[in-house]
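Engineer: Here you go, one structure.
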Amino acid sequence: MTFSPTNTYFSRKADQVLGEVCSLVGHKPQARARQTLFKMVMLLLLCVVLPLTCGHQEESSGPADRFVCSPVINIPKLACSGHDDNSCLDACHSKIEGLERHLDKEKKKIADLEQRLSSLEGQRVRAGLGSAADPGLSCKEIKDTVDSAQDGLYHLRSQEGIVYQTYCDMTTADGGWTLVSSVHENDMYGKCTAGDRWSSTRGSTTNYPEGDGNWANFNTFGSVELATCDDLKNPGYFSINASDVMLWHVPNNTPLSQYKSEAYLRYYTTDGFLRQYGGNLYSLFKDHFPIVYKGATGNGPAIPITWDNGSEDLLKSLLAPNVLGEVTPGFVHFCVFNNERAPHAVCPGLKYNGGNVEHACIGGAAYWAEVAPRQCGDFAGKDWDGYGTHTGWSSSLLELESAVLFFYR
Ligand code: 3S6
Ligand code: CA
Ligand code: CA
Ligand code: CA
């Protein structure tokens with residue numbers, strides 16, 4: 001006699017017990033456990049129950065009745081048309097394994113979708129970088145994070161946590177340029193008077209060898225929309241850790257929306273020179289080349305520039321004619337002393353080789369000795385041979401009446 005499930009009663013009984021056990025453990029039974037259990041139930045039925053209730057039973061010979069072997073696991077019921085319990089259980093098993101593989105695939109899909117969702121959520125949060133709610137540290141940080149960022153106004157925060165708004169150029173040479181300052185001459189006839197913040201607002205004097213000292217202090221002034229109407233200096237000037245500078249020459253009183261289009265000269269450095277001077281102009285002037293009357297450091301570096309708008313020829317056409325013999329266009333030159341040992345903070349667009357620096361370079365301290373106070377001010381001696389005459393040592397009117405905007409990247 002074998003224990004094959006040839007009898008409907010046996011097989012249903014076994015199936016019922018197995019199902020109860022399966023539901024107790026909550027999952028698929030192991031094949032061996034199922035076989036053992038099945039045999040035990042069979043024995044019990046054959047030896048005890050059957051003689052009492054059923055009397056004589058035929059031995060196995062015909063085909064098996066339908067045997068549902070997986071009542072607990074919610075899969076399509078498997079009909080055992082087979083011949084013994086092992087083949088049925090094997091079939092059950094392979095079915096379960098198939099479903100598990102399917103489940104694993106679905107789990108992986110869900111994990112992938114979750115990852116995509118969290119990535120999209122991250123982008124949405126970072127897309128607000130540069131807004132009032134999430135100020136960036138620099139235009140470069142914003143551009144690096146949001147590649148589609150456009151030119152315009154953004155909110156930044158200084159290292160100290162001061163929030164300010166400024167203009168970001170997000171397109172020139174891959175963008176990321178932060179407007180940090182502008183040098184504007186509001187009164188060429190006023191010699192180191194009101195508005196001469198990048199030299200001296202306290203007169204032509206040797207009492208203050210550094211003048212107002214704004215090239216190397218934490219003072220701030222102006223506003224982004226008035227960068228061509230007055231001087232600008234925001235916390236980015238001393239707070240941003242930058243590599244290069246970009247300069248724009250923009251006619252006075254140009255509105256913010258037209259800074260770029262109206263800038264007839266636009267150029268930038270590419271060699272990362274700021275990194276060796278502390279990461280910004282504040283550090284360059286504070287720690288390396290102080291703007292001090294009769295200062296002992298000598299001239300600072302002349303950094304090659306790449307033109308974005310304008311050219312060396314255009315620059316030369318705007319400079320004072322006498323200056324041309326003393327300069328090499330194609331640079332931005334920092335901390336340049338003249339014949340009388342007056343420092344000039346920046347020579348925009350050129351390297352100054354001679355001694356009459358005051359006619360082409362801007363910003364300084366508080367004293368220019370030559371016919372003092374005639375060269376004292378943010379634009380020093382750009383009007384030496386008359387206001388905007390473009391003769392001798394005088395600049396063109398356009399240069400005299402334009403602000404120089406400074407960007408960091
Ligand atoms: C080409 C004329 C040179 O003139 C000199 O430059 C003159 O002696 C000085 O008065 C003048 C100034 O130094 C210009 O800064
Ligand atoms: Ca002035
Ligand atoms: Ca000024
Ligand atoms: Ca001179």
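Lettering and numbering for the structure tokens are positional, with chains as A, B, ... in the shown order, residues counted from 1 in each chain, and ligands counted from 1 in the shown order.
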Name each residue within 10 Å of ligand 3, counting only C-alpha atoms and all ligand atoms, as a PyMOL selection string.
Structural biologist: chain A and resi 182-188+192-201+229-232+362-363+377-379+403
Engineer: Counting only C-alpha atoms and all ligand atoms, what residues are within 8 Å of ligand 1, given as an NGL selection string?
Structural biologist: :A and (322 or 339 or 355-359 or 370 or 381 or 384 or 392-393)
Engineer: The selected residues should be written to file as an mmCIF file, in the first residue's frame (atoms: C-alpha atoms).
Structural biologist:
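Here's the written file part_0.cif:
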data_model
loop_
_atom_site.group_PDB
_atom_site.id
_atom_site.type_symbol
_atom_site.label_atom_id
_atom_site.label_comp_id
_atom_site.auth_asym_id
_atom_site.auth_seq_id
_atom_site.Cartn_x
_atom_site.Cartn_y
_atom_site.Cartn_z
ATOM 1 C CA ASN A 322 49.094 110.322 -24.324
ATOM 2 C CA ASN A 339 55.440 108.772 -10.511
ATOM 3 C CA GLY A 355 54.379 106.538 -14.557
ATOM 4 C CA ASN A 356 51.324 108.616 -15.442
ATOM 5 C CA VAL A 357 48.991 105.963 -14.187
ATOM 6 C CA GLU A 358 46.411 108.489 -12.987
ATOM 7 C CA HIS A 359 44.994 109.038 -16.483
ATOM 8 C CA GLU A 370 50.939 116.400 -8.858
ATOM 9 C CA GLY A 381 43.380 112.304 -13.481
ATOM 10 C CA TRP A 384 43.827 116.220 -16.841
ATOM 11 C CA GLY A 392 46.528 114.871 -24.239
ATOM 12 C CA TRP A 393 46.004 113.094 -20.937
#
Engineer: Would you please work out which residue, of A:Tyr268, A:Tyr408, A:Phe273, A:Tyr293, is nearest to Cys168 in chain A when using only C-alpha atoms?
Structural biologist: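 Checking each of A:Tyr268, A:Tyr408, A:Phe273, A:Tyr293 against Cys168 in chain A, counting only C-alpha atoms, the winner is A:Tyr408.
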Engineer: Assign secondary structure with DSSP using the backbone only, and return the residues of range 164-237 of chain A in strand (DSSP E or B) as a list in words.
Structural biologist: Tyr164, Gln165, Thr166, Tyr167, Cys168, Asp169, Trp177, Thr178, Leu179, Val180, Ser181, Ser182, Val183, Phe221, Leu232 and Lys233 of chain A
Engineer: Residues within 6 Å of Ser402 in chain A, please, as an NGL selection string. Count only C-alpha atoms; anything in the same chain fewer than 3 positions from it doesn't count.
Structural biologist: :A and (250-252 or 399)
Engineer: Which neighbours of range 295-311 of chain A fall inside 7 Å, counting only C-alpha atoms, when residues of the same chain fewer than 4 positions from it are skipped, and could you give them as a list of chain:residue names?
Structural biologist: A:Tyr264, A:Leu265, A:Arg266, A:Tyr267, A:Tyr268, A:Thr269, A:Phe289, A:Leu315, A:Gly330, A:Phe331, A:Val332, A:His333, A:Phe334, A:Cys335, A:Val336, A:Phe337, A:Lys351
Engineer: Excluding Ile240 in chain A and its own-chain neighbours fewer than 4 positions away, which residues fall within 9 Å of it when counting only C-alpha atoms? Please give them as an NGL selection string.
Structural biologist: :A and (137-138 or 158-159 or 178 or 235-236 or 279-280 or 408-409)
Engineer: Could you write those residues out with N, CA and C atoms, as a compact mmCIF listing (two decimals), in the first residue's frame?
Structural biologist:
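File produced: again_29.txt:
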# COMPACT_ATOMS: atom_id res chain seq x y z
N LEU A 137 25.42 81.25 -2.06
CA LEU A 137 26.65 81.91 -1.60
C LEU A 137 27.28 82.74 -2.72
N SER A 138 27.00 82.36 -3.95
CA SER A 138 27.54 83.10 -5.09
C SER A 138 26.74 82.73 -6.32
N SER A 158 25.99 86.31 2.56
CA SER A 158 27.43 86.38 2.82
C SER A 158 27.82 85.28 3.79
N GLN A 159 29.11 85.10 3.98
CA GLN A 159 29.61 84.11 4.96
C GLN A 159 29.05 84.42 6.34
N THR A 178 29.31 86.90 -10.34
CA THR A 178 28.59 87.69 -9.34
C THR A 178 29.02 89.15 -9.41
N PRO A 235 28.39 92.62 0.09
CA PRO A 235 29.20 91.70 0.91
C PRO A 235 29.95 90.65 0.08
N GLY A 236 29.50 90.42 -1.14
CA GLY A 236 30.22 89.47 -1.99
C GLY A 236 31.66 89.90 -2.23
N GLY A 279 41.30 84.73 -2.75
CA GLY A 279 39.97 84.42 -3.28
C GLY A 279 39.08 85.62 -3.59
N ASN A 280 39.56 86.83 -3.36
CA ASN A 280 38.77 88.01 -3.76
C ASN A 280 39.66 89.25 -3.70
N TYR A 408 32.85 88.60 -9.80
CA TYR A 408 33.72 87.49 -9.39
C TYR A 408 33.16 86.17 -9.94
N ARG A 409 34.07 85.26 -10.18
CA ARG A 409 33.64 83.88 -10.41
C ARG A 409 34.72 82.96 -9.84
Engineer: Rank nothing, just name the residue among A:Tyr259, A:His288, A:Ala149, A:Tyr352 nearest to Ala127 in chain A, using only C-alpha atoms.
Structural biologist: A:Ala149
Engineer: Rank nothing, just name the residue among A:Leu350, A:Asn234, A:Tyr189, A:Leu120 nearest to ligand 2, using only C-alpha atoms and all ligand atoms.
Structural biologist: A:Tyr189
Engineer: Tell me which of A:Ser261, A:Thr145, A:Thr254, A:Gln375 sits closest to ligand 2, counting only C-alpha atoms and all ligand atoms.
Structural biologist: A:Gln375
Engineer: Of the candidates A:Val224, A:Gly152, A:Asp244, A:Ala360, which one gets nearest to Leu319 in chain A if we count only C-alpha atoms?
Structural biologist: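 Using only C-alpha atoms, Leu319 in chain A sits closest to A:Ala360.
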Engineer: So how far away is CA of Ala342 in chain A from CA of Val292 in chain A, in Å?
Structural biologist: 7.6 Å
Engineer: Between CA of Tyr237 in chain A and CA of Gly161 in chain A, measure the distance and give it in Å to one decimal.
Structural biologist: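 These atoms are spaced 14.2 Å apart.
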